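Before any comments, here is the structure.
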Amino acid sequence: MNKIKLFIFNTLILLLSSVVLQIISTYFHVYISNSIGEEAVGVFTLVMSVYTFGITLASAGINIATTRVVSEELAANNEIGSKKAATRCVLFSLLFGVCASTIFFIFSNFITLHCLHNQINKNVIYLICIALPFIAMSSAINGYFTAVRRIYKNAVSKFFEEFVKILFTFVLLSFFMPKTIDFACYCLILADVISEVLSFIALFVFYKFDKRKNLLESRYKDIDSYNKRILRITIPVALTSYLRSGLSTIKQLIIPSSLQKSGMNASNSLISYGIVNGMAMPIIMFPVLLVTSFSSLLVPEFSRLLVEEKYKKIKKISTIILSFTFVFAFIITIFIFTCSDFLSNLIYHKNEIGKYLRILSPLIIIMYLDIIIDSILKGLDAQVSVMAINVFDCIISIGFIYFFVPILGFSGYIISIFISEVIDFTLSRCKITKAFKKTYLGSSGKFLIL
């Protein structure tokens, strides 16, 4: 199977699996919303923002590092070297995951009191601690399978993970029906932790029995060279990811308090927050799986093109991909805007979600294009710049939420979402435009990433 056919094959696998998983996930979220109520959804969204920060702390940069380094080895026809590099990445991910779990365990009281406003028991944080090392190692192995173009193994493990999570969530919520918001969140996180652990085991089995070939020995005889190459990517991405994720978590946590300062009571602020972030945004982001499925494959492909110094091809392919993404996003925007009430009633059996779908639908074009641009830049070794843009965007967004949401109320929160997405897209667009304006740097012929 040639490279183009293999790329199309992997794209179709990711696309099909992502569509099915997203449909399952959407109905799963509807089931959760109906089972635990809108206020509990708001609290669970806060818990997930903390959980997401923990995942970033444990695995930031390791997926990109694995994909990039393994892709570079394969571009040099060094499959033995690619396996050695992947193994080293998994070991690094285990170290990062254990460190993240330790930090969460030590600061469990602080997180519960100051971040989650005592809405839940710290046992939920302990559950998160268990999951983080497994999530980090899964991220590294996923990066390996992406680089070697065996995406179907990632897809199988993801299906297995989703099946286990839904099964255990249903059992816990049905047979141990939560009487409190705290217990509802505990059940949901416990089901997620179980699914993450079992999913890692499945991925690790796939990795250990991945096909081996007797190709050329790696040109990097010293294993330390892998350490340096991995850490050169991982550390800058990790540091900027930590900052970005920390700021993003702060942003999510101050939204309910800022809404309360505007005059809303605690319950209504959590309900409003849950409606937008836990119900409207999943519909807005549902079609994005068609983009993310494709964009995740761009990182190894552009890494190979960069190593092979095919600079004109990089620019040509990027232009085609961005053009198709724009057309697709425009169609989705029109569809969600015109069918917002229908989608609201069909999925949630509620009319009020449709209003927010209409308001947020113009963001679709910006968000989808930004995802593709970020993936292209990461493949071209500009991952640090991508993260720096995201950090700047978070700082501006936090400032707006802190100072203006108490004045403008819930409409101020909606405005902050637009400001965040527009800033992120504008800066990313400028970054890639500058790179394409100077495709070559002097007589050296090196691709310029500013």
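Letters for chains follow the order of the structure tokens (A, B, ...), residue numbers begin at 1 for each chain, and ligand numbers begin at 1 in the order shown.
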
Report task. Can you pull out every residue within 8 Å of range 60-66 of chain A, counting only C-alpha atoms, but drop anything in the same chain fewer than 2 positions away, and send it as number ranges by chain? Result -> A: 55-58, 68-70, 85-86, 89, 92-93, 136, 139-144, 147, 230-231, 233-238, 241-242, 299, 378

Query raised in the report: Looking only at the backbone, which of the residues in range 21-262 of chain A does DSSP tag as alpha helix (DSSP H), as a PyMOL selection string?
Result: chain A and resi 21-36+38-59+62-75+79-106+108-110+123-147+151-175+181-208+224-261

Report summary line: Pairwise distance, CA of Ser340 in chain A with CA of Gly354 in chain A, equals 4.6 Å

**Report entry** Among the residues A:Val148, A:Val41, A:Ile314, A:Ile24, the one that comes closest to Lys83 in chain A [using only C-alpha atoms]
**Finding:**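 Under the stated criterion, the closest residue is A:Val148.
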
Query - Close residues, range 248-258 of chain A itself excluded, 8 Å, only C-alpha atoms, min 6 positions apart in chain, as a PyMOL selection string - result: chain A and resi 46+49-50+53+115-116+266+269-270+273+394+397-398+401-402+405-406+413

Include C-alpha atoms and write out the residues we just selected as a CSV table (one decimal), in the first residue's frame.
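The resulting file, selection25.csv, is reproduced below:
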chain,number,residue,atom,x,y,z
A,46,LEU,CA,-15.6,21.9,36.9
A,49,SER,CA,-11.4,21.0,34.1
A,50,VAL,CA,-9.2,20.0,37.0
A,53,PHE,CA,-5.2,19.9,33.8
A,115,CYS,CA,-10.6,25.0,42.9
A,116,LEU,CA,-13.8,23.0,43.4
A,266,ALA,CA,-24.7,29.8,42.9
A,269,SER,CA,-24.6,30.1,37.7
A,270,LEU,CA,-23.6,26.4,37.7
A,273,TYR,CA,-22.4,27.2,32.9
A,394,CYS,CA,-6.0,32.3,27.9
A,397,SER,CA,-9.7,35.5,28.1
A,398,ILE,CA,-9.2,35.3,31.9
A,401,ILE,CA,-14.0,37.1,32.4
A,402,TYR,CA,-12.6,38.4,35.7
A,405,VAL,CA,-18.4,39.1,33.3
A,406,PRO,CA,-19.4,40.5,36.7
A,413,TYR,CA,-19.2,35.0,29.3

Query raised in the report: How far is it from CA of Asp341 in chain A to CA of Ile32 in chain A, in Å with one decimal?
Result: 21.0 Å

Identify, on the basis of only C-alpha atoms, every residue whose closest approach to Leu298 in chain A does not exceed 7 Å; exclude the query and any residue fewer than 3 positions from it along the same chain; express the result as a compact mmCIF listing (two decimals) with C-alpha atoms, in the first residue's frame.
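Output file part-v1.txt is given in full below:
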# COMPACT_ATOMS: atom_id res chain seq x y z
CA PHE A 294 -7.73 14.24 9.67
CA SER A 295 -5.55 16.76 11.54
CA GLU A 301 3.16 13.50 7.48
CA PHE A 302 4.45 17.08 7.67
CA SER A 375 -1.53 20.50 13.44
CA ILE A 376 0.43 21.77 10.42
CA GLY A 379 4.39 18.92 12.15
